[in-house]
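File shown: entry.cif. Contents: mmCIF, C-alpha atoms.
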data_run
loop_
_atom_site.label_atom_id
_atom_site.label_comp_id
_atom_site.auth_asym_id
_atom_site.auth_seq_id
_atom_site.Cartn_x
_atom_site.Cartn_y
_atom_site.Cartn_z
CA TRP R 1 -11.09 15.64 3.40
CA SER R 2 -12.28 16.68 -0.08
CA VAL R 3 -11.34 18.55 -3.23
CA TYR R 4 -13.94 20.16 -5.46
CA GLY R 5 -12.84 22.35 -8.34
CA ASN R 6 -10.23 24.76 -7.01
CA THR R 7 -11.30 24.37 -3.40
CA LEU R 8 -9.72 22.15 -0.78
CA HIS R 9 -12.01 21.22 2.12
CA THR R 10 -10.28 20.72 5.47
CA MET R 11 -11.17 20.15 9.10
CA GLN R 12 -9.06 21.53 11.95
CA ASP R 13 -10.05 21.37 15.63
CA ASP R 14 -13.52 20.26 14.51
CA VAL R 15 -13.91 23.43 12.43
CA PRO R 16 -14.56 23.00 8.68
CA GLN R 17 -12.67 25.32 6.35
CA LYS R 18 -12.40 25.97 2.64
CA ILE R 19 -9.05 26.81 1.04
CA GLU R 20 -9.12 28.25 -2.45
CA PHE R 21 -6.03 27.49 -4.57
CA ASP R 22 -4.54 28.21 -7.98
CA ALA R 23 -2.28 25.17 -7.82
CA MET R 24 -1.88 22.25 -5.42
CA ILE R 25 0.70 19.54 -4.81
CA LEU R 26 -0.80 16.33 -3.46
CA ALA R 27 1.72 14.47 -1.29
CA THR R 28 -0.61 11.93 0.26
CA GLY R 29 1.84 9.08 0.91
CA ALA R 30 1.07 5.37 0.99
CA THR R 31 -0.44 2.75 3.27
CA ASP R 32 0.05 -0.98 3.78
CA ARG R 33 -1.17 -3.20 0.99
CA LEU R 34 -2.97 -6.12 2.58
CA LEU R 35 -4.15 -9.55 1.54
CA PRO R 36 -6.88 -11.46 3.36
CA VAL R 37 -5.71 -14.63 5.09
CA LYS R 38 -7.99 -16.93 7.05
CA GLY R 39 -7.88 -15.68 10.64
CA TRP R 40 -6.54 -12.22 9.82
CA THR R 41 -9.32 -10.60 11.84
CA LEU R 42 -8.12 -12.21 15.09
CA PRO R 43 -6.86 -9.87 17.84
CA GLY R 44 -3.08 -9.83 17.64
CA CYS R 45 -2.94 -9.49 13.84
CA TYR R 46 -1.57 -6.12 12.67
CA SER R 47 -0.38 -4.49 9.51
CA LEU R 48 3.37 -3.89 9.22
CA GLY R 49 2.80 -0.14 9.42
CA ALA R 50 0.76 -0.48 12.61
CA ALA R 51 3.42 -2.73 14.14
CA GLN R 52 6.10 -0.17 13.31
CA ILE R 53 4.08 2.73 14.73
CA ALA R 54 3.46 0.81 17.97
CA LEU R 55 7.20 0.30 18.38
CA LYS R 56 8.41 3.75 17.30
CA ALA R 57 5.63 5.98 18.65
CA GLN R 58 4.47 4.09 21.73
CA ALA R 59 7.64 2.07 22.48
CA CYS R 60 5.66 -1.15 22.77
CA ALA R 61 5.57 -4.39 20.80
CA ILE R 62 2.43 -5.97 19.34
CA GLY R 63 3.28 -9.25 21.11
CA ARG R 64 5.93 -11.26 22.91
CA SER R 65 6.49 -13.71 20.03
CA VAL R 66 5.83 -12.18 16.63
CA VAL R 67 5.69 -13.65 13.13
CA PHE R 68 6.25 -11.21 10.25
CA MET R 69 4.46 -12.24 7.07
CA GLY R 70 4.09 -10.80 3.59
CA THR R 71 6.62 -9.37 1.18
CA GLY R 72 8.48 -6.17 0.38
CA PRO R 73 11.25 -4.08 1.96
CA LEU R 74 9.07 -3.01 4.90
CA LEU R 75 8.77 -6.66 5.96
CA TYR R 76 12.50 -6.85 6.63
CA MET R 77 12.84 -3.35 8.06
CA VAL R 78 10.14 -3.80 10.72
CA SER R 79 11.20 -7.34 11.64
CA TYR R 80 14.77 -6.05 12.11
CA GLN R 81 13.50 -3.16 14.27
CA TYR R 82 11.59 -5.59 16.48
CA ALA R 83 14.55 -7.95 16.77
CA LYS R 84 16.84 -5.04 17.62
CA ALA R 85 14.40 -3.94 20.34
CA GLY R 86 14.68 -7.36 21.96
CA VAL R 87 11.33 -8.80 20.87
CA ASN R 88 11.24 -12.51 20.03
CA VAL R 89 10.83 -12.53 16.25
CA VAL R 90 9.72 -16.12 15.59
CA ALA R 91 10.26 -15.95 11.82
CA VAL R 92 9.96 -13.84 8.70
CA LEU R 93 7.65 -15.45 6.12
CA ASP R 94 8.17 -13.95 2.65
CA THR R 95 5.74 -14.96 -0.10
CA SER R 96 8.27 -13.96 -2.79
CA PRO R 97 10.72 -16.66 -3.98
CA PHE R 98 14.37 -16.01 -3.23
CA ASP R 99 15.54 -16.64 -6.81
CA GLY R 100 13.27 -13.83 -8.02
CA GLN R 101 14.93 -11.48 -5.56
CA LEU R 102 18.33 -12.49 -6.91
CA ARG R 103 17.23 -11.82 -10.50
CA ALA R 104 16.14 -8.32 -9.51
CA LEU R 105 19.55 -7.38 -8.07
CA PRO R 106 20.86 -5.67 -11.25
CA GLN R 107 17.93 -3.22 -11.25
CA MET R 108 18.07 -2.64 -7.50
CA ALA R 109 21.80 -1.95 -7.81
CA SER R 110 20.81 1.39 -9.37
CA ARG R 111 20.55 2.58 -5.75
CA PRO R 112 23.47 0.80 -4.09
CA MET R 113 23.10 2.47 -0.69
CA LEU R 114 19.46 1.46 -0.39
CA LEU R 115 20.25 -2.06 -1.58
CA ALA R 116 23.02 -2.26 1.01
CA LYS R 117 20.57 -1.17 3.72
CA GLY R 118 18.19 -3.98 2.79
CA MET R 119 21.03 -6.50 2.86
CA TYR R 120 22.07 -5.13 6.25
CA TYR R 121 18.59 -5.83 7.65
CA ARG R 122 18.81 -9.42 6.44
CA ALA R 123 22.31 -9.84 7.84
CA GLN R 124 21.19 -8.54 11.22
CA LEU R 125 18.25 -10.96 11.26
CA TRP R 126 20.65 -13.80 10.44
CA LYS R 127 23.02 -12.60 13.17
CA ARG R 128 20.16 -12.74 15.68
CA LYS R 129 19.22 -16.23 14.40
CA VAL R 130 15.82 -15.13 13.12
CA PRO R 131 14.72 -17.65 10.46
CA VAL R 132 13.74 -16.14 7.10
CA TYR R 133 11.65 -18.34 4.78
CA SER R 134 11.06 -17.31 1.17
CA GLY R 135 8.47 -18.56 -1.30
CA VAL R 136 5.93 -19.40 1.42
CA ARG R 137 2.16 -19.61 1.08
CA PRO R 138 0.12 -18.45 4.11
CA LEU R 139 -2.72 -20.83 4.93
CA GLU R 140 -4.23 -19.63 8.19
CA ILE R 141 -3.63 -17.46 11.23
CA GLN R 142 -4.89 -19.70 14.01
CA GLY R 143 -6.19 -19.00 17.49
CA HIS R 144 -9.14 -19.08 19.88
CA GLY R 145 -9.99 -15.47 20.74
CA SER R 146 -6.51 -14.23 19.76
CA VAL R 147 -3.52 -15.20 17.63
CA GLU R 148 -1.86 -18.47 18.65
CA GLY R 149 0.07 -19.41 15.54
CA VAL R 150 0.51 -19.36 11.76
CA GLN R 151 0.07 -22.29 9.38
CA TYR R 152 1.79 -22.05 5.99
CA THR R 153 3.44 -24.09 3.27
CA ASP R 154 7.14 -23.62 2.63
CA ALA R 155 8.85 -23.35 -0.76
CA SER R 156 8.86 -27.14 -1.13
CA GLY R 157 5.12 -27.41 -0.47
CA GLN R 158 5.50 -28.84 3.03
CA GLU R 159 2.94 -27.63 5.58
CA ARG R 160 4.46 -25.91 8.63
CA PHE R 161 3.20 -24.32 11.83
CA LEU R 162 4.75 -21.55 13.94
CA ALA R 163 3.47 -20.75 17.42
CA CYS R 164 3.21 -17.01 18.15
CA ASP R 165 0.96 -14.49 19.89
CA ALA R 166 1.03 -11.78 17.19
CA VAL R 167 1.35 -11.44 13.43
CA ALA R 168 2.47 -8.39 11.45
CA MET R 169 1.57 -8.62 7.79
CA GLY R 170 1.86 -6.52 4.66
CA PHE R 171 2.49 -6.94 0.95
CA HIS R 172 4.48 -3.84 0.02
CA LEU R 173 2.57 -0.53 -0.14
CA ARG R 174 -0.27 1.13 -2.03
CA SER R 175 -0.52 4.81 -2.94
CA GLU R 176 -3.16 6.96 -1.28
CA THR R 177 -5.06 8.31 -4.29
CA GLN R 178 -8.49 9.45 -3.04
CA LEU R 179 -7.76 13.20 -3.21
CA ALA R 180 -6.31 12.89 -6.71
CA ASP R 181 -9.45 11.02 -7.69
CA LEU R 182 -11.71 13.75 -6.27
CA ALA R 183 -9.58 16.33 -8.12
CA ARG R 184 -10.63 14.51 -11.33
CA CYS R 185 -7.11 13.40 -12.25
CA ARG R 186 -6.85 10.71 -14.91
CA PHE R 187 -5.58 7.33 -13.65
CA ILE R 188 -3.47 4.66 -15.33
CA PHE R 189 -2.98 0.98 -14.49
CA ASP R 190 0.55 0.03 -13.48
CA GLU R 191 1.01 -3.60 -14.54
CA THR R 192 4.29 -3.97 -12.64
CA LEU R 193 2.51 -3.28 -9.33
CA ALA R 194 -0.99 -4.42 -10.35
CA GLN R 195 -2.55 -1.19 -9.07
CA TRP R 196 -3.90 2.14 -10.29
CA ALA R 197 -2.10 5.46 -9.88
CA PRO R 198 -2.67 9.08 -10.98
CA GLU R 199 -1.24 9.65 -14.44
CA SER R 200 1.64 12.13 -14.24
CA ASP R 201 4.85 13.08 -15.97
CA ILE R 202 8.25 12.80 -14.28
CA ASP R 203 7.78 16.28 -12.80
CA GLY R 204 4.46 15.40 -11.17
CA ARG R 205 2.05 17.17 -13.53
CA THR R 206 -1.30 15.38 -13.68
CA SER R 207 -4.00 15.51 -16.35
CA VAL R 208 -5.64 18.42 -14.46
CA PHE R 209 -3.89 21.76 -14.84
CA GLY R 210 -2.72 23.06 -11.49
CA ILE R 211 -2.78 19.65 -9.76
CA TYR R 212 0.56 17.95 -9.08
CA VAL R 213 1.46 14.72 -7.29
CA ALA R 214 4.60 13.92 -5.35
CA GLY R 215 6.02 11.17 -3.15
CA ASP R 216 4.51 7.77 -2.53
CA GLY R 217 1.06 9.10 -3.40
CA ALA R 218 2.24 9.15 -7.00
CA ARG R 219 4.79 6.32 -7.13
CA VAL R 220 5.97 4.22 -4.20
CA LEU R 221 9.69 4.96 -4.27
CA GLY R 222 10.60 5.68 -0.65
CA ALA R 223 11.43 8.72 1.48
CA ASP R 224 14.47 10.08 -0.38
CA ALA R 225 12.73 9.70 -3.74
CA ALA R 226 9.72 11.52 -2.29
CA GLU R 227 11.94 14.51 -1.52
CA ILE R 228 13.17 14.58 -5.12
CA SER R 229 9.66 14.29 -6.56
CA GLY R 230 8.50 17.05 -4.20
CA GLN R 231 11.20 19.37 -5.53
CA LEU R 232 10.30 18.48 -9.12
CA ALA R 233 6.60 19.11 -8.50
CA ALA R 234 7.35 22.47 -6.87
CA LEU R 235 9.57 23.52 -9.78
CA ALA R 236 6.94 22.38 -12.30
CA LEU R 237 4.30 24.39 -10.44
CA LEU R 238 6.46 27.52 -10.46
CA GLU R 239 7.28 27.08 -14.15
CA ASP R 240 3.59 26.67 -15.04
CA LEU R 241 2.82 29.87 -13.14
CA GLY R 242 5.41 31.70 -15.20
CA LYS R 243 8.06 31.91 -12.49
CA PRO R 244 11.78 31.51 -13.29
CA ILE R 245 13.32 28.16 -12.34
CA ASP R 246 16.78 26.57 -12.45
CA VAL R 247 16.76 24.39 -15.57
CA LYS R 248 19.98 22.62 -14.60
CA GLN R 249 18.53 21.74 -11.21
CA CYS R 250 15.50 20.20 -12.92
CA ALA R 251 17.68 18.13 -15.21
CA ALA R 252 19.77 16.85 -12.29
CA LEU R 253 16.65 15.94 -10.29
CA ARG R 254 15.11 14.12 -13.25
CA LYS R 255 18.28 12.08 -13.66
CA GLN R 256 18.09 11.03 -10.02
CA GLN R 257 14.40 10.23 -10.37
CA ARG R 258 15.06 7.89 -13.31
CA LYS R 259 17.39 5.89 -11.08
CA MET R 260 14.65 5.74 -8.48
CA GLU R 261 12.24 4.44 -11.12
CA MET R 262 14.64 1.66 -12.12
CA PHE R 263 14.93 0.65 -8.47
CA ARG R 264 11.14 0.66 -8.13
CA ARG R 265 10.82 -1.78 -11.01
CA GLY R 266 13.48 -3.94 -9.41
CA LEU R 267 11.48 -4.02 -6.18
CA ALA R 268 8.35 -5.02 -8.09
CA LYS R 269 10.27 -7.93 -9.60
CA ALA R 270 11.89 -8.95 -6.30
CA PHE R 271 8.73 -8.65 -4.18
CA PRO R 272 5.72 -9.16 -6.49
CA TRP R 273 2.15 -8.71 -5.34
CA PRO R 274 0.93 -12.33 -4.82
CA SER R 275 -2.15 -12.14 -7.01
CA GLU R 276 -2.61 -15.92 -7.02
CA LEU R 277 -2.96 -15.88 -3.23
CA ALA R 278 -5.69 -13.24 -3.42
CA ARG R 279 -7.56 -15.15 -6.10
CA SER R 280 -7.50 -18.37 -4.11
CA VAL R 281 -8.88 -16.95 -0.84
CA ALA R 282 -11.63 -19.25 0.46
CA ASP R 283 -15.25 -18.14 0.17
CA ASP R 284 -15.78 -17.95 3.94
CA VAL R 285 -12.84 -15.61 4.62
CA ILE R 286 -13.73 -12.02 5.54
CA LEU R 287 -12.46 -9.76 2.77
CA CYS R 288 -13.99 -6.36 3.58
CA ARG R 289 -13.59 -5.89 7.32
CA CYS R 290 -15.68 -2.68 7.46
CA GLU R 291 -18.81 -4.33 6.04
CA ALA R 292 -18.06 -8.00 6.95
CA ILE R 293 -18.12 -9.03 3.28
CA THR R 294 -16.55 -12.39 2.42
CA ALA R 295 -14.53 -13.39 -0.62
CA GLY R 296 -17.48 -15.57 -1.60
CA ASP R 297 -19.79 -12.56 -1.61
CA VAL R 298 -17.55 -10.85 -4.18
CA ARG R 299 -17.36 -13.99 -6.32
CA ARG R 300 -21.13 -14.29 -6.29
CA SER R 301 -21.48 -10.64 -7.32
CA ALA R 302 -19.64 -11.54 -10.52
CA VAL R 303 -21.20 -14.94 -11.19
CA ASP R 304 -24.78 -14.53 -9.97
CA LYS R 305 -25.26 -10.76 -10.26
CA PHE R 306 -23.01 -10.11 -13.27
CA ALA R 307 -20.98 -7.30 -11.72
CA PRO R 308 -18.65 -6.15 -14.52
CA GLU R 309 -16.32 -4.08 -12.32
CA LEU R 310 -15.54 -3.13 -8.73
CA ASN R 311 -17.91 -0.21 -8.29
CA ARG R 312 -20.84 -2.32 -9.48
CA ALA R 313 -19.80 -5.07 -7.05
CA LYS R 314 -19.65 -2.39 -4.35
CA ALA R 315 -23.24 -1.37 -5.13
CA LEU R 316 -24.42 -4.97 -5.08
CA VAL R 317 -22.64 -6.43 -2.04
CA ARG R 318 -21.14 -3.35 -0.26
CA VAL R 319 -17.50 -4.39 -0.64
CA GLY R 320 -15.31 -1.31 -0.07
CA MET R 321 -18.24 0.77 1.17
CA GLY R 322 -16.94 1.19 4.71
CA ARG R 323 -14.79 3.83 6.37
CA CYS R 324 -11.53 2.65 4.81
CA GLN R 325 -13.02 2.98 1.28
CA GLY R 326 -11.33 -0.20 0.13
CA ARG R 327 -7.83 0.61 1.37
CA PHE R 328 -7.65 -2.83 3.03
CA CYS R 329 -9.78 -4.91 0.67
CA GLY R 330 -9.61 -3.17 -2.70
CA SER R 331 -6.54 -4.93 -4.16
CA ALA R 332 -7.73 -8.42 -3.24
CA ALA R 333 -11.34 -7.69 -4.24
CA ALA R 334 -10.17 -6.69 -7.73
CA GLU R 335 -8.22 -9.93 -8.08
CA ILE R 336 -11.15 -12.06 -6.92
CA LEU R 337 -13.59 -10.29 -9.23
CA ALA R 338 -11.22 -10.57 -12.23
CA ASP R 339 -10.68 -14.27 -11.54
CA ALA R 340 -14.40 -14.96 -11.22
CA ARG R 341 -15.07 -13.12 -14.49
CA LYS R 342 -12.07 -14.71 -16.25
CA ALA R 343 -11.10 -11.20 -17.26
CA PRO R 344 -7.91 -9.10 -17.09
CA LEU R 345 -7.31 -7.38 -13.76
CA GLU R 346 -7.30 -3.94 -15.40
CA SER R 347 -10.87 -4.48 -16.63
CA THR R 348 -12.22 -4.62 -13.07
CA GLY R 349 -11.39 -0.92 -12.63
CA ARG R 350 -10.81 0.66 -9.23
CA LEU R 351 -12.94 1.77 -6.32
CA ARG R 352 -13.70 5.46 -6.81
CA GLY R 353 -12.77 7.87 -4.03
CA GLN R 354 -15.54 9.44 -1.98
CA ALA R 355 -15.63 12.48 0.29
CA PRO R 356 -14.75 12.48 3.11
CA VAL R 357 -11.54 10.60 2.29
CA LYS R 358 -11.08 9.99 6.03
CA PRO R 359 -13.79 9.75 8.73
CA LEU R 360 -14.90 13.12 10.14
CA PRO R 361 -16.39 13.90 13.56
CA THR R 362 -20.15 13.46 13.68
CA THR R 363 -20.47 16.83 15.40
CA TYR R 364 -18.31 19.88 14.95
CA SER R 365 -18.11 23.51 15.99
CA ARG R 366 -19.83 25.94 13.66
CA LYS R 367 -17.33 28.73 14.24
CA PRO R 368 -16.67 30.76 11.11
CA SER R 369 -13.58 29.86 9.08
CA GLN R 370 -10.49 31.88 9.97
#

Written as structure tokens, how would this file's structure read?
Amino acid sequence: WSVYGNTLHTMQDDVPQKIEFDAMILATGATDRLLPVKGWTLPGCYSLGAAQIALKAQACAIGRSVVFMGTGPLLYMVSYQYAKAGVNVVAVLDTSPFDGQLRALPQMASRPMLLAKGMYYRAQLWKRKVPVYSGVRPLEIQGHGSVEGVQYTDASGQERFLACDAVAMGFHLRSETQLADLARCRFIFDETLAQWAPESDIDGRTSVFGIYVAGDGARVLGADAAEISGQLAALALLEDLGKPIDVKQCAALRKQQRKMEMFRRGLAKAFPWPSELARSVADDVILCRCEAITAGDVRRSAVDKFAPELNRAKALVRVGMGRCQGRFCGSAAAEILADARKAPLESTGRLRGQAPVKPLPTTYSRKPSQ
């Protein structure tokens, strides 16, 4: 739940422990990247990851008639999984235009098997007569007490409505970076994804000696790429500690990783983060669910209170100050603040990580550490 110096703070069975380390690989993974839409706080609205967990871990669907909305590979994977399980998938609403996905094919062809898997998901949706609409603009998730439907505009600008009792939404993924932040790693802004990530070389070395990053917590590349980056980080760690490593193995892994990076850039082109949707969220829409902060509150922090960046806006209006630490609202809040200030997105900075990175029990056993 925290890193301070060369000490990792953990909690197991309500018992706090301290683990001293010489070197550490952070493989923290990624979470859904979300965008506020009017009505997204209604019961029956889930993230794509939550919808997938409900199906795979609990063997239950989030609704009887489900609309999948957002963009990215996970959108098609989870909608296919629901359709395969026999759930009525009303439609897949993709905010990314289809022609942009076609233009990205040459880069995504760097990993033909993964590209083929994505095309398979689409083919299976088509086979099951699930409509897929590209280039849409979500307007509102409607309902009285729970989800009853989704209003959106299609690629031609025509307003449409789909009746449903659940919505699964997500706009690709975002890296979990709080522990890297607490470890004092330097961060860089990735313009292709419009988000911040720990600065690292291809082997996973960060700006802090002895701290390495691997998997989606460093770059969102998927499960097989995470395995490769984990091996590279482990080899880099051993090399830095003066241990012998297989140089040829490193070279082969780096070659594979470069292909993964090309595919990642293709995905960013095919399924871009819809920044214009975030910037146009209405003032009365809840942005920060933890603290019930609206998009208008964030705009006013920039215009009326002169907040120059996210952490100042956080101090002024409490955006991102809740338990999730901005995991849900951070991306959209940065876009809204940048738009209100008429400034580049990078200049708004990022919400700094705070310990504990996840909520801890309010009471715990005071047994000595083992």

Of the candidates R:Asp190, R:Asp284, R:Asp339, R:Asp165, which one gets nearest to Val89 in chain R if we count only C-alpha atoms?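 So, comparing all the options, the nearest one is R:Asp165.
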
Just say which residues the PyMOL selection byres ((chain R and resi 338) around 10) picks in this file, as a PyMOL selection string. chain R and resi 279+299+302+308-310+332-337+339-349

On this file, the PyMOL selection byres ((chain R and resi 105) around 12) gives some set of residues; write that set as a VMD selection string. chain R and resid 98 to 104 106 to 112 114 to 116 118 to 119 262 to 271

With C-alpha atoms kept, could you save the residues just selected as a short mmCIF file (atom, residue, chain, number, x, y, z; two decimals), in the coordinates of the input?
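And here is the file that came out, again_14.cif:
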data_model
loop_
_atom_site.label_atom_id
_atom_site.label_comp_id
_atom_site.auth_asym_id
_atom_site.auth_seq_id
_atom_site.Cartn_x
_atom_site.Cartn_y
_atom_site.Cartn_z
CA PHE R 98 14.37 -16.01 -3.23
CA ASP R 99 15.54 -16.64 -6.81
CA GLY R 100 13.27 -13.83 -8.02
CA GLN R 101 14.93 -11.48 -5.56
CA LEU R 102 18.33 -12.49 -6.91
CA ARG R 103 17.23 -11.82 -10.50
CA ALA R 104 16.14 -8.32 -9.51
CA PRO R 106 20.86 -5.67 -11.25
CA GLN R 107 17.93 -3.22 -11.25
CA MET R 108 18.07 -2.64 -7.50
CA ALA R 109 21.80 -1.95 -7.81
CA SER R 110 20.81 1.39 -9.37
CA ARG R 111 20.55 2.58 -5.75
CA PRO R 112 23.47 0.80 -4.09
CA LEU R 114 19.46 1.46 -0.39
CA LEU R 115 20.25 -2.06 -1.58
CA ALA R 116 23.02 -2.26 1.01
CA GLY R 118 18.19 -3.98 2.79
CA MET R 119 21.03 -6.50 2.86
CA MET R 262 14.64 1.66 -12.12
CA PHE R 263 14.93 0.65 -8.47
CA ARG R 264 11.14 0.66 -8.13
CA ARG R 265 10.82 -1.78 -11.01
CA GLY R 266 13.48 -3.94 -9.41
CA LEU R 267 11.48 -4.02 -6.18
CA ALA R 268 8.35 -5.02 -8.09
CA LYS R 269 10.27 -7.93 -9.60
CA ALA R 270 11.89 -8.95 -6.30
CA PHE R 271 8.73 -8.65 -4.18
#

Give me the result of the PyMOL selection byres ((chain R and resi 29) around 8) on this file, residue by residue, as a compact mmCIF listing (two decimals) with C-alpha atoms, keeping the file's coordinate frame.
# COMPACT_ATOMS: atom_id res chain seq x y z
CA ALA R 27 1.72 14.47 -1.29
CA THR R 28 -0.61 11.93 0.26
CA ALA R 30 1.07 5.37 0.99
CA THR R 31 -0.44 2.75 3.27
CA SER R 175 -0.52 4.81 -2.94
CA GLU R 176 -3.16 6.96 -1.28
CA GLY R 215 6.02 11.17 -3.15
CA ASP R 216 4.51 7.77 -2.53
CA GLY R 217 1.06 9.10 -3.40
CA ALA R 218 2.24 9.15 -7.00

Do you have the CA of Cys329 in chain R-CA of Ala292 in chain R distance handy?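 Value for the CA of Cys329 in chain R-CA of Ala292 in chain R distance: 10.8 Å.
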
What is the CA of Val213 in chain R to CA of Asp201 in chain R distance in Å?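 Distance reported for this atom pair: 9.5 Å.
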
A straight line from CA of Ala50 in chain R to CA of Gln325 in chain R spans 18.2 Å

Do you know which residues are at most 9 Å from Leu162 in chain R counting only C-alpha atoms, after dropping those on the same chain fewer than 4 positions away, and could you put them as a ChimeraX atom specification? /R:67,90-91,148-152

Just want the 9 Å neighbourhood of Arg205 in chain R, counted on all atoms listed in the file, with same-chain residues fewer than 6 positions away dropped. Output as a PyMOL selection string. chain R and resi 199+211-213+233+236-237

Which protein, DNA or RNA residues have an atom at most 8 Å from (-11.1, 15.8, -7.8), counting only C-alpha atoms? List them as a ChimeraX atom specification. /R:2-5,179-185

Which of these, R:Gln17, R:Lys129, R:Ala54, R:Ala166, has the shortest distance to Met69 in chain R once you count all atoms listed in the file?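 Closest to Met69 in chain R of all the choices is R:Ala166.
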
Residue nearest Glu239 in chain R among R:Ala355, R:Val319, R:Ala23, R:Val130 (counting all atoms listed in the file):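 So, comparing all the options, the nearest one is R:Ala23.
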
Could you check which of R:Arg122, R:Ser79, R:Arg219, R:Leu253 is closest to Leu232 in chain R, using all atoms listed in the file?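 The answer is R:Leu253, which sits nearest to Leu232 in chain R.
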
Give me the residues near Lys38 in chain R as a PyMOL selection string, where near means some atom within 8 Å (using all atoms listed in the file) and where sequence neighbours in that chain fewer than 4 positions away do not count. chain R and resi 139-141+281-282+285-286

For Leu235 in chain R, the closest of R:Glu261, R:Asp13, R:Asp304, R:Asp203 counting only C-alpha atoms is R:Asp203

Spatial neighbours of Ser134 in chain R, 7 Å, all atoms listed in the file, chain gap at least 5 places, as JSON, numbers by chain: {"R": [93, 94, 95, 96, 97, 98, 155]}

May I ask which of the residues R:Lys18, R:Ile25, R:Arg312, R:Val136 is the closest one to Thr153 in chain R, counting all atoms listed in the file? R:Val136
